[in-house]
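Have a look at the structure below, then the notes.
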Amino acid sequence: MSNPRLYRVHVAGEPVDGIGPYEDEEQLIEALLEINRNSQLEGELTVHVYKTDATPLGIGRKYLGSISGGTVLMMGEVDEERVRSR
């Protein structure tokens, strides 16, 4: 893995219990599809993206920014050019 990433799903600015975090983009997209199918969550779905050093503790974790969950679903990937730091 050359660019290890960690993805966390938030709704209305808060982390979602029992969903994620994900180290694999495909697992993230599958989870977003499932959330979209069930649509039980209220508020804007956001994916927070972190660059990691791939250690179990994530000591070298750096926040890169966030992207709309809808954008990830529409594109089928996390386009890092669209990830925005807030």
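Chain labels A, B, ... are given in the sequence in which chains occur in the structure tokens; within each chain residues are numbered consecutively from 1, and ligands are likewise numbered from 1 in the order shown.
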| Can you list, as a VMD selection string, every residue of range 1-54 of chain A that DSSP puts in alpha helix (DSSP H)? | chain A and resid 25 to 38
| message | Applying 10 Å and only C-alpha atoms, which residues near Arg82 in chain A remain after dropping the ones on its own chain fewer than 5 positions away? List them as a PyMOL selection string. | response | chain A and resi 65-68+71-72
How would the residues just chosen look if you wrote them out with C-alpha atoms as an mmCIF file, in the first residue's frame?
```cif
data_model
loop_
_atom_site.group_PDB
_atom_site.id
_atom_site.type_symbol
_atom_site.label_atom_id
_atom_site.label_comp_id
_atom_site.auth_asym_id
_atom_site.auth_seq_id
_atom_site.Cartn_x
_atom_site.Cartn_y
_atom_site.Cartn_z
ATOM 1 C CA GLY A 65 -10.166 16.795 4.813
ATOM 2 C CA SER A 66 -13.686 15.672 4.011
ATOM 3 C CA ILE A 67 -15.876 14.907 1.016
ATOM 4 C CA SER A 68 -19.605 14.461 0.627
ATOM 5 C CA THR A 71 -20.073 12.594 -4.217
ATOM 6 C CA VAL A 72 -18.198 9.416 -3.307
#
```
| Near range 59-61 of chain A, counting only C-alpha atoms, which residues have an atom at most 12 Å away, once you skip same-chain residues fewer than 2 positions from it, shown as a VMD selection string? | chain A and resid 3 to 7 49 to 57 63 to 64
| DSSP-assigned strand (DSSP E) members of chain A, reported as JSON, numbers by chain | {"A": [5, 6, 7, 8, 9, 10, 11, 14, 15, 45, 46, 47, 48, 49, 50, 51, 62, 63, 64, 65, 66, 67, 68]}
| Residues at most 10 Å from range 14-22 of chain A, counting only C-alpha atoms, excluding those fewer than 4 positions away in the same chain, as a count of residues only? | 21
